[in-house]
Amino acid sequence: MAKVKMAVRSPRIDMTPMVDTFTLLLTFFMMTTTFRPQEAVQVDTPSSISEKTAPEKNVITVYISKDNKVFFNIDEGTDTSLHIRAKVLQGVSEQLRVPFTKEQISKFERLASFGMPIKDLPKWIDAEDQKVRDELQTGIPIDSADNQLAMWILFARKANPNAEASIKGDAGADFKVVKRVLDILQDYKINRFNLTTNLEKVEVKLEDIK
Amino acid sequence: MAEIIQEEGGKKKGKKRPKKHSTHIDMTPMVDLMTLLLTFFMLTTAFSKPKTMEIVLPEKDQKENKKEDKENQIPKWRAVNIILDENDKIYYYTGLMEKPPYPELIETDFSKDGIRKYLLKRNKTLYQKIDSLNVAALKSKKPIPPDTLAKQIRELKKEDKVGPIVLIKATDKVKYRNMVDIIDEMAICNIARYAIVDINPQELKMLEEYKKKNSETAKK
């Protein structure tokens with residue numbers, strides 16, 4: 001039998017369709033991506049059926065961790081030229097008589113959530129290492145004798161009157177602490193809260209009631 | 001994946017044509033880069049955006065409260081009091097704790113047949129109204145904008161005159177999760193009116209008595 005000569009094929013693969021899909025996917029991900037904000041603590045939020053998405057801008061966020069530590073964050077809002085974070089820090093530092101240098105204030109603007117008594121805040125801002133930073137996070141005092149959270153909220157409201165209050169509590173946090181935070185917020189005439197939750201589906205059948 | 005650009009051989013017969021340059025571009029580096037970027041973006045994207053549950057608490061101002069007190073008096077038969085306790089327990093009673101004889105506590109939990117069943121039973125009329133509205137919205141040929149639907153539901157809730165008014169109370173040891181769960185339960189059952197209030201001493205006392213009685217019966 002004669003040998004069947006196999007045609008010598010070039011090992012070339014047409015990559016155009018692959019490149020096409022890749023470009024498409026890449027564009028999609030680049031457009032839709034929102035980076036996860038860096039948070040001071042891992043907060044495991046409880047789930048609810050609410051489908052409303054949390055606001056991203058103009059929010060005063062109070063975090064309550066599993067071990068009942070309270071953390072605070074305020075974002076820069078839609079207009080970064082207003083320097084909301086700097087204003088808040090200046091206000092609080094004057095009120096509680098803890099001085100901050102200009103460098104510290106400008107560095108604070110770029111940082112995110114924090115949770116420590118104000119006397120530790122300069123150390124936290126200057127810290128180089130994330131480990132050192134994490135050790136300083138001991139929670140903001142909320143008891144009535146030394147209510148620093150109230151100060152932060154007061155100046156946050158002054159600097160950004162449009163800000164909404166959002167509470168991101170861990171499922172395992174004590175309600176007592178959450179209630180205390182709600183009370184402090186209510187003292188500053190904030191009566192509408194966003195409780196951050198995870199989505200969960202629940203089905204209710206009408207037959208169950210009948 | 002690499003491309004090997006081959007010299008095109010075997011066409012030596014015939015006229016000598018100007019050498020054909022391959023129109024293929026080596027895309028490998030581009031593909032490499034794109035894969036890298038794609039992986040990066042896919043991993044960093046936070047897809048499930050956090051959801052939020054809005055609650056509005058009544059204003060704290062006491063002067064105003066006193067004025068409204070008479071209007072806001074809850075009819076006794078509509079009041080449902082829910083007391084949350086540690087270890088995911090719920091106690092509820094209907095009516096108000098004004099004077100003896102006090103209403104009795106009933107123990108339940110967060111399961112499907114627990115508090116939800118009771119609330120749905122109490123809130124049946126309103127729940128059915130809202131449910132039929134939702135079903136009608138789904139079936140109708142013209143899509144109803146969600147805003148209008150939400151408004152209609154709000155109207156229904158406002159008009160409701162028979163559904164329960166739920167007062168949520170919590171003891172000190174309750175976890176935040178339970179609070180969110182119970183507010184969630186209100187949303188599931190379409191409860192029109194509910195409020196988070198402080199627990200009063202009488203209720204605490206009753207709770208203690210109830211537990212005592214329970215442990216005694218358990219011993220027997």
# chains A, B, ... in the order shown; residues from 1 in each chain; ligands from 1
>>> residues_around(residues="A:Asn58", least_positions_apart="3", cutoff="9 Å", atoms="only C-alpha atoms", output="list in words")
Pro55, Ile74, Asp75, Glu76, Gly77, Thr78, Asn160, Pro161, Asn162, Ala163, Glu164 and Ala165 of chain A
>>> residues_around(residues="stretch 161-172 of chain B", least_positions_apart="2", cutoff="7 Å", atoms="only C-alpha atoms", output="VMD selection string")
(chain A and resid 176) or (chain B and resid 78 to 85 122 to 123 126 159 174 193 to 199)
>>> closest_atom_pairs(of="stretch 104-189 of chain A", to="stretch 86-95 of chain B", cutoff="12 Å", atoms="only C-alpha atoms", output="CSV")
residue,atom,partner,partner_atom,distance
A:Gly172,CA,B:Asn87,CA,11.5
A:Asp174,CA,B:Glu86,CA,10.1
A:Phe175,CA,B:Glu86,CA,10.5
A:Lys176,CA,B:Glu86,CA,11.9
>>> write_last_selection(atoms="N, CA and C atoms", output="compact mmCIF listing (two decimals), in the first residue's frame")
# COMPACT_ATOMS: atom_id res chain seq x y z
N GLY A 172 -22.24 38.60 65.18
CA GLY A 172 -22.03 38.15 66.54
C GLY A 172 -21.86 39.27 67.56
N ASP A 174 -22.78 42.23 70.18
CA ASP A 174 -23.90 42.35 71.12
C ASP A 174 -24.84 43.46 70.68
N PHE A 175 -26.12 43.20 70.79
CA PHE A 175 -27.08 44.23 70.40
C PHE A 175 -26.99 45.44 71.31
N LYS A 176 -26.56 45.21 72.55
CA LYS A 176 -26.41 46.30 73.51
C LYS A 176 -25.50 47.39 72.96
>>> closest_residue(among="A:Asp14, A:Glu103, A:Glu39, A:Glu135", to="chain B", atoms="only C-alpha atoms")
A:Asp14
>>> interface_residues(of="chain B", to="chain A", cutoff="6 Å", atoms="only C-alpha atoms", output="compact mmCIF listing (two decimals) with C-alpha atoms, in the first residue's frame")
# COMPACT_ATOMS: atom_id res chain seq x y z
CA GLU B 3 3.57 30.52 16.44
CA LEU B 38 -8.21 39.62 33.15
CA PHE B 41 -9.66 42.18 37.53
CA THR B 45 -13.91 42.65 41.64
CA ALA B 46 -16.33 42.72 44.53
CA PRO B 50 -23.38 44.88 50.22
CA LYS B 51 -27.08 45.32 50.65
CA THR B 52 -28.65 47.56 53.18
CA MET B 53 -31.71 47.49 55.32
CA GLU B 54 -33.18 50.84 56.10
CA ILE B 55 -34.72 51.45 59.48
CA VAL B 56 -36.17 54.64 60.81
CA LEU B 57 -36.38 55.08 64.52
CA LYS B 121 -51.40 34.59 60.73
CA ASP B 172 -28.98 42.69 77.18
CA VAL B 174 -28.99 39.51 72.49
CA LYS B 175 -26.69 39.39 69.49
CA TYR B 176 -26.98 41.86 66.66
CA ARG B 177 -27.81 39.01 64.30
CA ASP B 184 -36.08 41.00 58.44
>>> select_by_dssp(residues="stretch 46-103 of chain A", states="strand (DSSP E)", output="PyMOL selection string")
chain A and resi 47-48+52-53+59-64+70-74
>>> atom_distance(atom1="atom CA of B:Ile183", atom2="atom CA of B:Lys158")
18.3 Å
>>> atom_distance(atom1="atom CA of A:Ala159", atom2="atom CA of A:Gly91")
9.0 Å
>>> atom_distance(atom1="atom CA of B:Thr125", atom2="atom CA of B:Ile153")
13.1 Å
>>> select_by_dssp(residues="stretch 73-197 of chain A", states="alpha helix (DSSP H)", output="PyMOL selection string")
chain A and resi 84-96+102-110+121-126+130-136+148-159+175-187
